[in-house]
Each structure stands twice: as C-alpha cells, then as structure tokens.
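> Below is the file work-v6.tsv, which contains TSV, C-alpha atoms (C1' of nucleotides).
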```tsv
chain	number	residue	atom	x	y	z
A	1	MET	CA	0.00	0.00	0.00
A	2	THR	CA	2.30	2.72	1.17
A	3	SER	CA	5.58	3.45	-0.48
A	4	GLU	CA	7.52	3.20	2.76
A	5	THR	CA	8.33	-0.45	2.30
A	6	ARG	CA	9.58	-0.32	-1.23
A	7	PRO	CA	13.17	-1.23	-1.95
A	8	MET	CA	15.57	1.49	-2.90
A	9	GLN	CA	16.22	1.82	-6.58
A	10	ALA	CA	18.60	3.64	-8.84
A	11	ASP	CA	17.80	7.23	-9.52
A	12	ASP	CA	16.03	7.69	-12.83
A	13	GLY	CA	15.63	11.39	-13.00
A	14	GLY	CA	12.47	12.42	-11.35
A	15	LEU	CA	10.29	9.39	-11.09
A	16	VAL	CA	8.47	9.40	-7.81
A	17	GLY	CA	6.17	6.79	-6.47
A	18	PHE	CA	7.84	3.41	-6.67
A	19	HIS	CA	10.80	4.59	-4.62
A	20	LYS	CA	11.58	4.64	-0.99
A	21	HIS	CA	11.79	8.20	0.12
A	22	ASP	CA	11.31	10.46	3.07
A	23	HIS	CA	7.60	10.63	2.90
A	24	LYS	CA	7.05	13.09	5.70
A	25	SER	CA	9.24	15.68	4.11
A	26	CYS	CA	7.51	14.83	0.89
A	27	VAL	CA	4.23	16.08	2.33
A	28	GLU	CA	5.80	19.04	4.07
A	29	THR	CA	7.71	20.32	1.11
A	30	GLY	CA	4.72	19.74	-1.10
A	31	LEU	CA	2.55	21.93	1.06
A	32	LYS	CA	5.27	24.51	1.55
A	33	ASN	CA	5.83	24.64	-2.16
A	34	ALA	CA	2.16	25.15	-2.83
A	35	GLU	CA	1.93	27.89	-0.25
A	36	ALA	CA	4.90	29.66	-1.76
A	37	ARG	CA	3.57	29.50	-5.29
A	38	CYS	CA	0.10	30.57	-4.24
A	39	SER	CA	1.27	33.61	-2.36
A	40	ALA	CA	3.61	34.43	-5.22
A	41	GLU	CA	0.89	34.24	-7.81
A	42	GLY	CA	-1.97	35.62	-5.80
A	43	LEU	CA	-3.77	32.28	-5.53
A	44	ARG	CA	-5.68	31.38	-2.43
A	45	LEU	CA	-4.80	28.10	-0.83
A	46	THR	CA	-7.88	27.96	1.36
A	47	PRO	CA	-8.42	25.39	4.13
A	48	VAL	CA	-10.38	22.93	1.97
A	49	ARG	CA	-7.91	23.16	-0.88
A	50	ARG	CA	-5.00	22.80	1.47
A	51	LYS	CA	-6.57	19.82	3.17
A	52	VAL	CA	-7.25	18.07	-0.13
A	53	LEU	CA	-3.70	18.67	-1.29
A	54	GLU	CA	-2.39	17.35	2.02
A	55	MET	CA	-4.51	14.22	1.70
A	56	LEU	CA	-3.20	13.55	-1.77
A	57	LEU	CA	0.40	14.22	-0.79
A	58	GLN	CA	0.06	11.64	1.94
A	59	GLU	CA	-0.66	8.92	-0.60
A	60	HIS	CA	1.33	8.10	-3.65
A	61	ARG	CA	-1.77	6.71	-5.17
A	62	ALA	CA	-4.81	8.10	-6.83
A	63	LEU	CA	-7.80	8.91	-4.67
A	64	GLY	CA	-11.31	9.11	-6.06
A	65	ALA	CA	-13.35	12.22	-5.49
A	66	TYR	CA	-15.67	10.44	-3.11
A	67	ALA	CA	-12.84	9.06	-1.02
A	68	ILE	CA	-11.61	12.62	-0.69
A	69	LEU	CA	-15.10	13.74	0.12
A	70	ASP	CA	-15.41	11.19	2.92
A	71	ARG	CA	-12.27	12.47	4.53
A	72	LEU	CA	-13.34	16.05	4.16
A	73	ARG	CA	-16.53	15.24	5.99
A	74	GLU	CA	-14.57	13.57	8.78
A	75	GLU	CA	-12.51	16.72	9.12
A	76	GLY	CA	-15.60	18.87	9.42
A	77	PHE	CA	-15.67	20.32	5.93
A	78	GLY	CA	-18.64	20.25	3.61
A	79	SER	CA	-19.66	16.79	2.52
A	80	GLN	CA	-21.28	17.33	-0.84
A	81	PRO	CA	-19.61	16.51	-4.17
A	82	PRO	CA	-18.99	20.08	-5.33
A	83	VAL	CA	-16.92	20.77	-2.25
A	84	ALA	CA	-14.40	18.17	-3.32
A	85	TYR	CA	-14.65	18.85	-7.02
A	86	ARG	CA	-14.09	22.56	-6.64
A	87	ALA	CA	-11.02	22.07	-4.55
A	88	LEU	CA	-9.75	19.51	-7.04
A	89	ASP	CA	-10.45	21.83	-9.94
A	90	PHE	CA	-8.37	24.52	-8.33
A	91	LEU	CA	-5.50	22.16	-7.58
A	92	VAL	CA	-5.52	20.62	-11.04
A	93	GLU	CA	-5.80	23.97	-12.77
A	94	ASN	CA	-2.75	25.22	-10.97
A	95	GLY	CA	-0.71	22.10	-11.40
A	96	PHE	CA	-0.63	20.91	-7.80
A	97	VAL	CA	-2.63	17.82	-8.60
A	98	HIS	CA	-3.15	15.68	-11.68
A	99	LYS	CA	-6.16	13.72	-12.72
A	100	ILE	CA	-5.61	10.12	-13.73
A	101	GLU	CA	-8.15	9.67	-16.49
A	102	ARG	CA	-7.85	5.92	-16.50
A	103	LEU	CA	-8.98	5.79	-12.89
A	104	ASN	CA	-11.19	8.84	-12.63
A	105	ALA	CA	-9.04	9.75	-9.67
A	106	PHE	CA	-6.44	12.24	-8.53
A	107	VAL	CA	-2.79	12.31	-7.43
A	108	ALA	CA	-0.60	15.04	-6.03
A	109	CYS	CA	1.91	16.33	-8.52
A	110	ALA	CA	5.36	14.92	-7.97
A	111	HIS	CA	7.22	17.65	-9.81
A	112	PRO	CA	5.77	20.81	-8.40
A	113	GLY	CA	6.66	23.95	-10.23
A	114	ALA	CA	8.08	22.21	-13.25
A	115	SER	CA	6.15	23.07	-16.36
A	116	HIS	CA	5.21	19.64	-17.51
A	117	SER	CA	3.14	17.36	-19.58
A	118	PRO	CA	3.23	14.55	-17.09
A	119	ALA	CA	3.08	10.83	-17.78
A	120	PHE	CA	2.01	8.21	-15.29
A	121	MET	CA	2.62	4.58	-14.51
A	122	ILE	CA	-0.26	2.95	-12.74
A	123	CYS	CA	0.08	-0.39	-10.97
A	124	ARG	CA	-3.10	-2.34	-11.44
A	125	LYS	CA	-2.40	-4.46	-8.37
A	126	CYS	CA	-1.48	-2.01	-5.63
A	127	GLU	CA	-2.79	1.09	-7.37
A	128	ALA	CA	0.45	2.96	-6.79
A	129	VAL	CA	0.98	5.80	-9.23
A	130	ALA	CA	4.35	7.12	-10.35
A	131	GLU	CA	4.80	10.32	-12.28
A	132	THR	CA	7.43	11.10	-14.86
A	133	HIS	CA	7.73	13.76	-17.54
A	134	SER	CA	6.70	13.00	-21.06
A	135	ALA	CA	8.06	15.92	-23.03
A	136	THR	CA	9.45	13.38	-25.46
A	137	ALA	CA	6.15	11.60	-25.92
A	138	LYS	CA	4.52	14.92	-26.55
A	139	GLY	CA	7.16	15.66	-29.14
A	140	VAL	CA	6.54	12.40	-30.96
A	141	LEU	CA	2.80	12.77	-30.89
A	142	GLY	CA	3.33	16.40	-31.70
A	143	ALA	CA	4.85	15.44	-35.02
A	144	ALA	CA	1.82	13.36	-35.95
A	145	ALA	CA	-0.44	16.17	-34.80
A	146	LYS	CA	1.43	18.76	-36.80
A	147	ALA	CA	1.16	16.60	-39.89
A	148	ALA	CA	-2.58	16.39	-39.36
A	149	GLY	CA	-2.96	20.07	-38.56
A	150	PHE	CA	-4.11	19.29	-35.05
A	151	GLU	CA	-3.24	21.74	-32.31
A	152	ILE	CA	-2.42	19.96	-29.06
A	153	GLU	CA	-3.40	21.72	-25.86
A	154	ARG	CA	-3.06	18.94	-23.37
A	155	THR	CA	-1.89	15.35	-23.37
A	156	VAL	CA	-2.91	12.35	-21.35
A	157	VAL	CA	-0.21	9.70	-21.11
A	158	GLU	CA	-0.86	6.83	-18.75
A	159	ALA	CA	0.73	3.40	-18.69
A	160	GLU	CA	-0.99	0.62	-16.83
A	161	GLY	CA	0.86	-2.44	-15.60
A	162	ILE	CA	2.68	-3.93	-12.67
A	163	CYS	CA	5.05	-2.01	-10.44
A	164	PRO	CA	8.42	-3.46	-9.35
A	165	ASP	CA	7.08	-4.29	-5.90
A	166	CYS	CA	4.17	-6.33	-7.13
A	167	THR	CA	6.35	-8.05	-9.71
A	168	GLU	CA	8.64	-9.23	-6.94
A	169	LYS	CA	5.84	-10.34	-4.69
A	170	ALA	CA	4.30	-12.38	-7.46
A	171	GLN	CA	7.31	-14.66	-7.59
B	172	MET	CA	-25.38	14.11	-25.59
B	173	THR	CA	-24.07	16.48	-28.18
B	174	SER	CA	-23.07	13.92	-30.69
B	175	GLU	CA	-26.71	13.12	-31.29
B	176	THR	CA	-27.55	16.60	-32.41
B	177	ARG	CA	-24.63	17.15	-34.68
B	178	PRO	CA	-25.72	16.38	-38.22
B	179	MET	CA	-23.57	14.18	-40.33
B	180	GLN	CA	-22.18	16.24	-43.14
B	181	ALA	CA	-21.09	15.02	-46.49
B	182	ASP	CA	-17.92	16.99	-46.56
B	183	ASP	CA	-16.56	16.52	-43.09
B	184	GLY	CA	-18.14	13.15	-42.91
B	185	GLY	CA	-15.72	11.05	-41.44
B	186	LEU	CA	-12.64	12.22	-39.96
B	187	VAL	CA	-10.37	9.26	-39.63
B	188	GLY	CA	-7.44	11.43	-38.90
B	189	PHE	CA	-9.43	14.51	-39.86
B	190	HIS	CA	-9.29	13.53	-43.53
B	191	LYS	CA	-12.03	13.27	-46.05
B	192	HIS	CA	-12.66	9.74	-47.15
B	193	ASP	CA	-15.28	7.40	-48.52
B	194	HIS	CA	-17.25	6.97	-45.39
B	195	LYS	CA	-19.69	4.40	-46.64
B	196	SER	CA	-16.95	2.00	-47.61
B	197	CYS	CA	-15.36	2.85	-44.30
B	198	VAL	CA	-18.34	1.34	-42.49
B	199	GLU	CA	-18.67	-1.57	-44.87
B	200	THR	CA	-15.07	-2.62	-44.75
B	201	GLY	CA	-15.04	-2.15	-41.01
B	202	LEU	CA	-17.92	-4.55	-40.61
B	203	LYS	CA	-16.58	-6.96	-43.18
B	204	ASN	CA	-13.25	-6.95	-41.46
B	205	ALA	CA	-14.80	-7.68	-38.11
B	206	GLU	CA	-16.89	-10.51	-39.52
B	207	ALA	CA	-13.83	-12.04	-41.09
B	208	ARG	CA	-11.75	-11.87	-37.95
B	209	CYS	CA	-14.55	-13.18	-35.79
B	210	SER	CA	-15.24	-16.19	-37.93
B	211	ALA	CA	-11.50	-16.81	-38.20
B	212	GLU	CA	-11.00	-16.72	-34.46
B	213	GLY	CA	-14.22	-18.33	-33.39
B	214	LEU	CA	-15.65	-15.12	-31.93
B	215	ARG	CA	-19.34	-14.43	-32.12
B	216	LEU	CA	-20.31	-11.15	-33.70
B	217	THR	CA	-23.88	-11.26	-32.51
B	218	PRO	CA	-26.56	-8.79	-33.64
B	219	VAL	CA	-26.11	-6.40	-30.70
B	220	ARG	CA	-22.35	-6.39	-31.03
B	221	ARG	CA	-22.58	-5.90	-34.75
B	222	LYS	CA	-25.03	-3.06	-34.37
B	223	VAL	CA	-22.87	-1.27	-31.83
B	224	LEU	CA	-19.83	-1.61	-34.05
B	225	GLU	CA	-21.81	-0.30	-36.98
B	226	MET	CA	-22.97	2.70	-34.98
B	227	LEU	CA	-19.44	3.54	-33.97
B	228	LEU	CA	-18.12	3.08	-37.49
B	229	GLN	CA	-20.70	5.56	-38.71
B	230	GLU	CA	-19.26	8.29	-36.52
B	231	HIS	CA	-15.67	9.20	-36.31
B	232	ARG	CA	-16.19	10.52	-32.90
B	233	ALA	CA	-16.62	9.05	-29.48
B	234	LEU	CA	-20.05	7.98	-28.35
B	235	GLY	CA	-20.95	7.59	-24.70
B	236	ALA	CA	-22.43	4.33	-23.52
B	237	TYR	CA	-25.82	5.89	-23.00
B	238	ALA	CA	-25.93	7.41	-26.46
B	239	ILE	CA	-25.24	3.95	-27.80
B	240	LEU	CA	-27.90	2.56	-25.53
B	241	ASP	CA	-30.48	5.02	-26.82
B	242	ARG	CA	-29.89	3.90	-30.36
B	243	LEU	CA	-29.99	0.26	-29.41
B	244	ARG	CA	-33.38	0.82	-27.90
B	245	GLU	CA	-34.58	2.54	-31.06
B	246	GLU	CA	-33.45	-0.49	-33.02
B	247	GLY	CA	-35.39	-2.81	-30.79
B	248	PHE	CA	-32.56	-4.21	-28.71
B	249	GLY	CA	-32.42	-4.27	-24.96
B	250	SER	CA	-32.37	-0.85	-23.39
B	251	GLN	CA	-30.56	-1.38	-20.13
B	252	PRO	CA	-26.95	-0.34	-19.52
B	253	PRO	CA	-25.47	-3.85	-19.37
B	254	VAL	CA	-26.64	-4.51	-22.91
B	255	ALA	CA	-24.45	-1.72	-24.22
B	256	TYR	CA	-21.56	-2.33	-21.85
B	257	ARG	CA	-21.37	-6.01	-22.65
B	258	ALA	CA	-21.25	-5.37	-26.35
B	259	LEU	CA	-18.65	-2.68	-25.82
B	260	ASP	CA	-16.57	-4.97	-23.62
B	261	PHE	CA	-16.52	-7.56	-26.35
B	262	LEU	CA	-15.58	-5.04	-29.02
B	263	VAL	CA	-12.88	-3.40	-26.93
B	264	GLU	CA	-11.44	-6.71	-25.80
B	265	ASN	CA	-11.06	-7.83	-29.37
B	266	GLY	CA	-9.69	-4.57	-30.65
B	267	PHE	CA	-12.64	-3.46	-32.78
B	268	VAL	CA	-13.33	-0.48	-30.60
B	269	HIS	CA	-11.26	1.71	-28.30
B	270	LYS	CA	-12.27	3.50	-25.18
B	271	ILE	CA	-11.34	7.16	-24.91
B	272	GLU	CA	-10.60	7.50	-21.23
B	273	ARG	CA	-10.65	11.26	-21.31
B	274	LEU	CA	-14.27	11.22	-22.45
B	275	ASN	CA	-15.53	8.00	-20.94
B	276	ALA	CA	-16.66	7.16	-24.43
B	277	PHE	CA	-15.92	4.85	-27.32
B	278	VAL	CA	-14.70	5.00	-30.95
B	279	ALA	CA	-14.41	2.38	-33.64
B	280	CYS	CA	-10.84	1.32	-34.27
B	281	ALA	CA	-9.40	2.98	-37.36
B	282	HIS	CA	-6.65	0.43	-37.90
B	283	PRO	CA	-8.42	-2.87	-37.64
B	284	GLY	CA	-6.22	-5.88	-37.44
B	285	ALA	CA	-3.05	-3.97	-36.77
B	286	SER	CA	-1.57	-4.86	-33.43
B	287	HIS	CA	-1.39	-1.48	-31.88
B	288	SER	CA	-1.08	0.71	-28.91
B	289	PRO	CA	-3.22	3.46	-30.30
B	290	ALA	CA	-2.99	7.17	-29.65
B	291	PHE	CA	-5.80	9.63	-30.13
B	292	MET	CA	-6.32	13.26	-30.95
B	293	ILE	CA	-9.52	14.65	-29.56
B	294	CYS	CA	-10.99	17.92	-30.75
B	295	ARG	CA	-12.56	19.67	-27.80
B	296	LYS	CA	-14.81	21.71	-30.09
B	297	CYS	CA	-16.40	19.24	-32.46
B	298	GLU	CA	-15.50	16.12	-30.50
B	299	ALA	CA	-13.97	14.46	-33.53
B	300	VAL	CA	-11.45	11.77	-32.69
B	301	ALA	CA	-8.53	10.70	-34.86
B	302	GLU	CA	-6.52	7.61	-34.21
B	303	THR	CA	-2.86	7.08	-34.86
B	304	HIS	CA	-0.37	4.49	-33.63
B	305	SER	CA	1.89	5.36	-30.76
B	306	ALA	CA	4.48	2.62	-30.86
B	307	THR	CA	7.07	5.34	-30.52
B	308	ALA	CA	5.48	6.91	-27.51
B	309	LYS	CA	5.30	3.51	-25.93
B	310	GLY	CA	8.97	3.05	-26.67
B	311	VAL	CA	9.89	6.29	-24.98
B	312	LEU	CA	7.73	5.66	-22.00
B	313	GLY	CA	8.94	2.10	-22.07
B	314	ALA	CA	12.47	3.27	-21.41
B	315	ALA	CA	11.41	5.16	-18.32
B	316	ALA	CA	9.34	2.18	-17.24
B	317	LYS	CA	12.19	-0.23	-17.70
B	318	ALA	CA	14.46	1.99	-15.63
B	319	ALA	CA	11.89	1.94	-12.87
B	320	GLY	CA	11.20	-1.79	-13.15
B	321	PHE	CA	7.65	-1.17	-14.19
B	322	GLU	CA	6.04	-3.62	-16.57
B	323	ILE	CA	3.74	-1.90	-19.04
B	324	GLU	CA	0.66	-3.82	-20.12
B	325	ARG	CA	-1.35	-1.10	-21.73
B	326	THR	CA	-0.94	2.55	-22.55
B	327	VAL	CA	-3.38	5.41	-22.77
B	328	VAL	CA	-2.23	8.22	-25.03
B	329	GLU	CA	-4.72	10.94	-25.75
B	330	ALA	CA	-4.08	14.47	-26.96
B	331	GLU	CA	-6.76	17.08	-26.54
B	332	GLY	CA	-6.89	20.19	-28.65
B	333	ILE	CA	-8.35	21.69	-31.79
B	334	CYS	CA	-8.71	19.84	-35.08
B	335	PRO	CA	-7.79	21.47	-38.42
B	336	ASP	CA	-11.46	21.99	-39.29
B	337	CYS	CA	-12.25	23.92	-36.15
B	338	THR	CA	-9.04	25.91	-36.41
B	339	GLU	CA	-10.12	27.10	-39.84
B	340	LYS	CA	-13.64	27.88	-38.79
B	341	ALA	CA	-12.40	29.96	-35.90
B	342	GLN	CA	-10.80	32.44	-38.27
C	343	DG	C1'	-32.84	-35.16	-33.85
C	344	DG	C1'	-32.70	-34.47	-28.68
C	345	DC	C1'	-30.36	-33.16	-24.64
C	346	DA	C1'	-26.78	-30.88	-21.56
C	347	DT	C1'	-23.83	-27.09	-21.19
C	348	DA	C1'	-22.00	-22.80	-22.14
C	349	DT	C1'	-22.79	-18.33	-23.65
C	350	DA	C1'	-25.50	-14.21	-24.71
C	351	DT	C1'	-29.25	-11.37	-23.68
C	352	DG	C1'	-32.87	-8.92	-20.94
C	353	DA	C1'	-34.28	-6.48	-16.88
C	354	DT	C1'	-33.83	-4.75	-12.04
C	355	DA	C1'	-31.20	-2.38	-8.95
C	356	DT	C1'	-27.45	0.07	-7.26
C	357	DG	C1'	-23.23	2.70	-6.73
C	358	DG	C1'	-19.80	6.03	-8.12
C	359	DA	C1'	-18.37	10.23	-10.92
C	360	DA	C1'	-19.47	14.82	-12.27
C	361	DT	C1'	-22.08	19.00	-12.82
C	362	DA	C1'	-26.20	22.34	-12.80
C	363	DA	C1'	-28.54	25.48	-10.23
C	364	DC	C1'	-29.18	28.17	-6.40
C	365	DA	C1'	-28.20	30.16	-1.76
C	366	DT	C1'	-25.05	31.72	1.78
C	367	DG	C1'	-20.88	33.49	4.01
C	368	DA	C1'	-16.47	36.15	4.13
C	369	DC	C1'	-14.11	39.96	2.83
C	370	DA	C1'	-12.06	43.84	0.36
C	371	DA	C1'	-12.84	48.28	-2.18
C	372	DG	C1'	-15.41	52.17	-3.00
D	373	DC	C1'	-22.84	50.52	4.27
D	374	DT	C1'	-23.16	48.85	-0.12
D	375	DT	C1'	-21.42	46.50	-3.83
D	376	DG	C1'	-18.70	43.11	-6.11
D	377	DT	C1'	-16.09	39.01	-5.85
D	378	DC	C1'	-14.74	34.73	-4.53
D	379	DA	C1'	-15.31	30.54	-1.86
D	380	DT	C1'	-18.31	27.50	0.26
D	381	DG	C1'	-22.54	24.89	1.25
D	382	DT	C1'	-26.78	22.36	-0.26
D	383	DT	C1'	-30.10	20.13	-3.29
D	384	DA	C1'	-30.98	17.69	-7.20
D	385	DT	C1'	-29.87	15.60	-11.43
D	386	DT	C1'	-27.25	13.48	-15.10
D	387	DC	C1'	-24.07	10.31	-16.74
D	388	DC	C1'	-20.90	6.28	-16.32
D	389	DA	C1'	-20.47	1.56	-14.78
D	390	DT	C1'	-21.35	-2.94	-12.63
D	391	DA	C1'	-23.46	-6.70	-9.71
D	392	DT	C1'	-27.07	-9.91	-9.93
D	393	DC	C1'	-30.51	-12.98	-11.45
D	394	DA	C1'	-33.66	-14.88	-14.83
D	395	DT	C1'	-34.38	-16.22	-19.50
D	396	DA	C1'	-33.24	-17.41	-24.04
D	397	DT	C1'	-30.22	-19.11	-27.57
D	398	DA	C1'	-26.47	-21.22	-29.60
D	399	DT	C1'	-23.06	-25.15	-29.53
D	400	DG	C1'	-21.27	-29.67	-28.82
D	401	DC	C1'	-22.12	-34.33	-27.82
D	402	DC	C1'	-24.88	-38.59	-27.64
```
Can the structure in the file be given as structure tokens, please?

Amino acid sequence: MTSETRPMQADDGGLVGFHKHDHKSCVETGLKNAEARCSAEGLRLTPVRRKVLEMLLQEHRALGAYAILDRLREEGFGSQPPVAYRALDFLVENGFVHKIERLNAFVACAHPGASHSPAFMICRKCEAVAETHSATAKGVLGAAAKAAGFEIERTVVEAEGICPDCTEKAQ
Amino acid sequence: MTSETRPMQADDGGLVGFHKHDHKSCVETGLKNAEARCSAEGLRLTPVRRKVLEMLLQEHRALGAYAILDRLREEGFGSQPPVAYRALDFLVENGFVHKIERLNAFVACAHPGASHSPAFMICRKCEAVAETHSATAKGVLGAAAKAAGFEIERTVVEAEGICPDCTEKAQ
DNA sequence: GGCATATATGATATGGAATAACATGACAAG
DNA sequence: CTTGTCATGTTATTCCATATCATATATGCC
C-alpha cells in the first residue's frame, strides 16, 4: 500500500512513487511549495484546498473524489460533491494535482513547479501511481499532430501495468 | 449528448485522422473486417455487437455508452446499460473499438487488425477523434518504465486540442 | 434429432463520478 | 454601508459503470 516499504532503486531522474523516500518531508515540502507559489501568484490556498492537497500528498496513489469527500466530511468540511470537485479543480488547474483519467481519480503532482506534460505509470495491483515527464512523448505525438494540422493543448499519457514491488511479490 | 444533435455532413463526414474519405466504404469494410476476424478466431459477432460496431463506425467521434444505448433501444434491442456495456466490452477486448478515457466514451478502431497501442487526438470543439499508432510513444515511455522496473501492459495516449477543421472555422 | 452445457441477452437495482442550479458566508474596495 | 467578488454549502440531477438474477439461444455431444 504505502511506499515506505519499497526497496531502494537507482535514480532515474524524477520518477516518484515506486521509490523509498522520506515521505514526511515529501508532504511538508509539497505543502510549503504550494503555499509559496500561491502567495507568489496571488492564488488562495484555502483550508479545503490545502486539506485536499495534504490528503493527496500523503498517498502516492490516486484517490477518487468520493474518497476525498469522505475524509473532508470527517474533518468537518462540507460533505457534498462540489466541495471536493471545486477544490480539485483549483489544484488541477494550478498544477498541484493531476487527474488520472484511467482511474477517474487524482494524485498530487510529484514535480511541483516544473512546467510539464506529465506521464504516469499505474500499478493495477497495488494502485500505486508514479509520475514522470513526457516531453518526449509529446514531441513524438506532436509530429503526428502537426502533420494532421491538429493543435495539441493537453496530453494524457498513462501506462498501466505492474510495479516493481508487485512483480517481486508475485514470484 | 451532443453527438446526437450534430448532423452528419457530407464533406466533413468522417474524420479518420481529420481527412475526407469514402465513409460508406469505411463502415462496410469495417464490418466486413470484423466478420472475417470473428469467424476466423471463433468469436461471435452477434446482432447487438454488430449493431454497436456499426454505430461507432458511422461516426468518427466518441459515443458515450448511453448514447449507444439510446440507439440500441430505437433499433429494438435491450435498453438497459449492461446490454451496451457487454457489447462494448466484447468489441474493446477484441480490438474493434477503443475506449477514450478522457471522455468515458468509445470509438471504432481505425486500424483494424493492426496490433497497436493506439494514440488519439480529440478535438474539444467538435469532439472528432482521430486515431494514430503510438508505438514510438510507448517506446519512450517504455524506457522510463524499464528503468523503474515497471512492466507496461497497456498505454493510454490521448491528446486534446483543436482539429484542423475547427481551427479554420475559428478564423 | 434431442439433450446438456455454455454463452449471450434482458431487466432490475445500485453505486460512483461529475455537474447544474441556487443560496449563503467572508471579505475587500469604493 | 453597499457592492462586487470569490469561496463554500446544499439540493438535485445526469451520466458512467457494474453486480445480480432470470431467460433465451447457440453449440457440442450422444
């Protein structure tokens, strides 16, 4: 479930999620980062938004909107769908959170600040989600798009499969 | 949804890649192809399944499950969600149809028979969907995955933006 | 052909995702 | 204090998806 127990692996340039790492600092710096960027850009990281981001930073997996909603209710926030969706909209719009289309669920961004077209690897067993950049993939697809006269605004790149942990355990 | 109200036009009539083409033969060959493969592989292209495939071949855009369901009802088939979903499951499983995760909707495969990890371009204005192969994108992502020890089973590659038609019309 | 088995379909019910529409609260600027 | 703006709360609805069970139909075997 959690990433705490995963074996250490070689650095691969920014992939987060299947690696052992200092998870507490991961949450802290994530929140700090968001606060910094919000105050810099005049965005308002309100209590609900902050709470949702915190929840997502605590997991390196995707959470569905209704899972988020349940926790919001427990924490005394509003308990109706729009409460969660509005917070998520804000976080996604400003790059703090990504939506995993394959799962209709959300993960905290692992490369805060970096301008990115992210790509994801989703483990279908443990539901862990790792993020990596896909500038290259966008470039390749971009060529096809250019040839067709299609103007890309956003890309969704998600790979589904088995993470290293679950591969090991299966043996 | 919106795809019901958008009239089929002779001149934009099927955008397989946003190109003009003989759309009637497009449907015919699509069906013929499916029949051939099914009889070759011992699959059963039953009336519902065939009808759903035909519907999707007639549009080069994604149809939601409930839009499909509406038309099935009109044609005298069962009118409950599982009827549509079961047919779609069969068609997707056997590569005749793809699901567009971004839209929670379905398109007929434009490269029948080819073993592919498809990639899609989705116009957010007219909802047209073009399919292209993404072997390259998979290769690039595959490198990152291999480095991480992640075993890719399936990829979702979808670009959202504006198709050539809508770009022109906007001017 | 006639029967047993597997598969496909039909219908009911339910749950989860997402948004529309409307009302309220907090707060800053004039 | 009023107005405008933004965030939040609430209700209701739409759309996507699946579990379940009953019935029908095709297929393979005798």
> Could you please select, counting all atoms listed in the file, the residues of chain A within 8 Å of chain D and state them as a PyMOL selection string?
chain A and resi 78+80+83
> With C-alpha atoms retained, export the selected residues as a PDB file, keeping the file's coordinate frame.

```pdb
ATOM      1  CA  GLY A  78     -18.640  20.250   3.610  1.00  0.00           C
ATOM      2  CA  GLN A  80     -21.280  17.330  -0.840  1.00  0.00           C
ATOM      3  CA  VAL A  83     -16.920  20.770  -2.250  1.00  0.00           C
TER       4      VAL A  83
END
```
> Would you compute an axis-aligned box for region 107-114 of chain A, covering every atom listed for it in the file with 4 Å of margin on each side, and report centre and edge lengths in Å to one decimal as AutoDock Vina command-line options?

```
--center_x 2.6 --center_y 18.1 --center_z -9.6 --size_x 18.9 --size_y 19.6 --size_z 15.2
```
> With 9 Å as the cut-off and all atoms listed in the file counted, what is the closest atom pair between each nearby residue of chain C and chain A? Distances in Å to one decimal, ordered by chain and number, as a Markdown table.

```
| residue | atom | partner | partner_atom | distance |
| --- | --- | --- | --- | --- |
| C:DG358 | C1' | A:Tyr66 | CA | 7.8 |
| C:DA359 | C1' | A:Asn104 | CA | 7.5 |
| C:DA360 | C1' | A:Tyr85 | CA | 8.2 |
| C:DT361 | C1' | A:Pro82 | CA | 8.2 |
```
> I'd like a table as a tab-separated table: residues in chain A with an atom no more than 7 Å from chain B, each row giving the shortest atom pair and its distance in Å to one decimal, only C-alpha atoms counted, sorted by chain and rising residue number.

```
residue	atom	partner	partner_atom	distance
A:Asp12	CA	B:Ala318	CA	6.5
A:Glu101	CA	B:Arg273	CA	5.7
A:Arg102	CA	B:Glu272	CA	5.7
A:Ala137	CA	B:Ala308	CA	5.0
A:Val140	CA	B:Ala308	CA	6.6
A:Ala148	CA	B:Gly188	CA	7.0
A:Gly149	CA	B:Pro335	CA	5.0
A:Phe150	CA	B:Cys334	CA	4.6
A:Glu151	CA	B:Ile333	CA	5.1
A:Ile152	CA	B:Gly332	CA	4.5
A:Glu153	CA	B:Gly332	CA	4.7
A:Arg154	CA	B:Glu331	CA	5.2
A:Thr155	CA	B:Ala330	CA	4.3
A:Val156	CA	B:Glu329	CA	5.0
A:Val157	CA	B:Val328	CA	4.7
A:Glu158	CA	B:Val327	CA	5.0
A:Ala159	CA	B:Thr326	CA	4.3
A:Glu160	CA	B:Arg325	CA	5.2
A:Gly161	CA	B:Ile323	CA	4.5
A:Ile162	CA	B:Glu322	CA	5.2
A:Cys163	CA	B:Phe321	CA	4.6
A:Pro164	CA	B:Gly320	CA	5.0
```
> Could those selected residues go to a file with C-alpha atoms, as a compact mmCIF listing (two decimals), in the frame of the given file?

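So again.txt came out as:
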```txt
# COMPACT_ATOMS: atom_id res chain seq x y z
CA ASP A 12 16.03 7.69 -12.83
CA GLU A 101 -8.15 9.67 -16.49
CA ARG A 102 -7.85 5.92 -16.50
CA ALA A 137 6.15 11.60 -25.92
CA VAL A 140 6.54 12.40 -30.96
CA ALA A 148 -2.58 16.39 -39.36
CA GLY A 149 -2.96 20.07 -38.56
CA PHE A 150 -4.11 19.29 -35.05
CA GLU A 151 -3.24 21.74 -32.31
CA ILE A 152 -2.42 19.96 -29.06
CA GLU A 153 -3.40 21.72 -25.86
CA ARG A 154 -3.06 18.94 -23.37
CA THR A 155 -1.89 15.35 -23.37
CA VAL A 156 -2.91 12.35 -21.35
CA VAL A 157 -0.21 9.70 -21.11
CA GLU A 158 -0.86 6.83 -18.75
CA ALA A 159 0.73 3.40 -18.69
CA GLU A 160 -0.99 0.62 -16.83
CA GLY A 161 0.86 -2.44 -15.60
CA ILE A 162 2.68 -3.93 -12.67
CA CYS A 163 5.05 -2.01 -10.44
CA PRO A 164 8.42 -3.46 -9.35
```
> Interatomic distance between CA of Ala108 (chain A) and CA of Leu57 (chain A)?
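For CA of Ala108 (chain A) relative to CA of Leu57 (chain A), the distance reads 5.4 Å.
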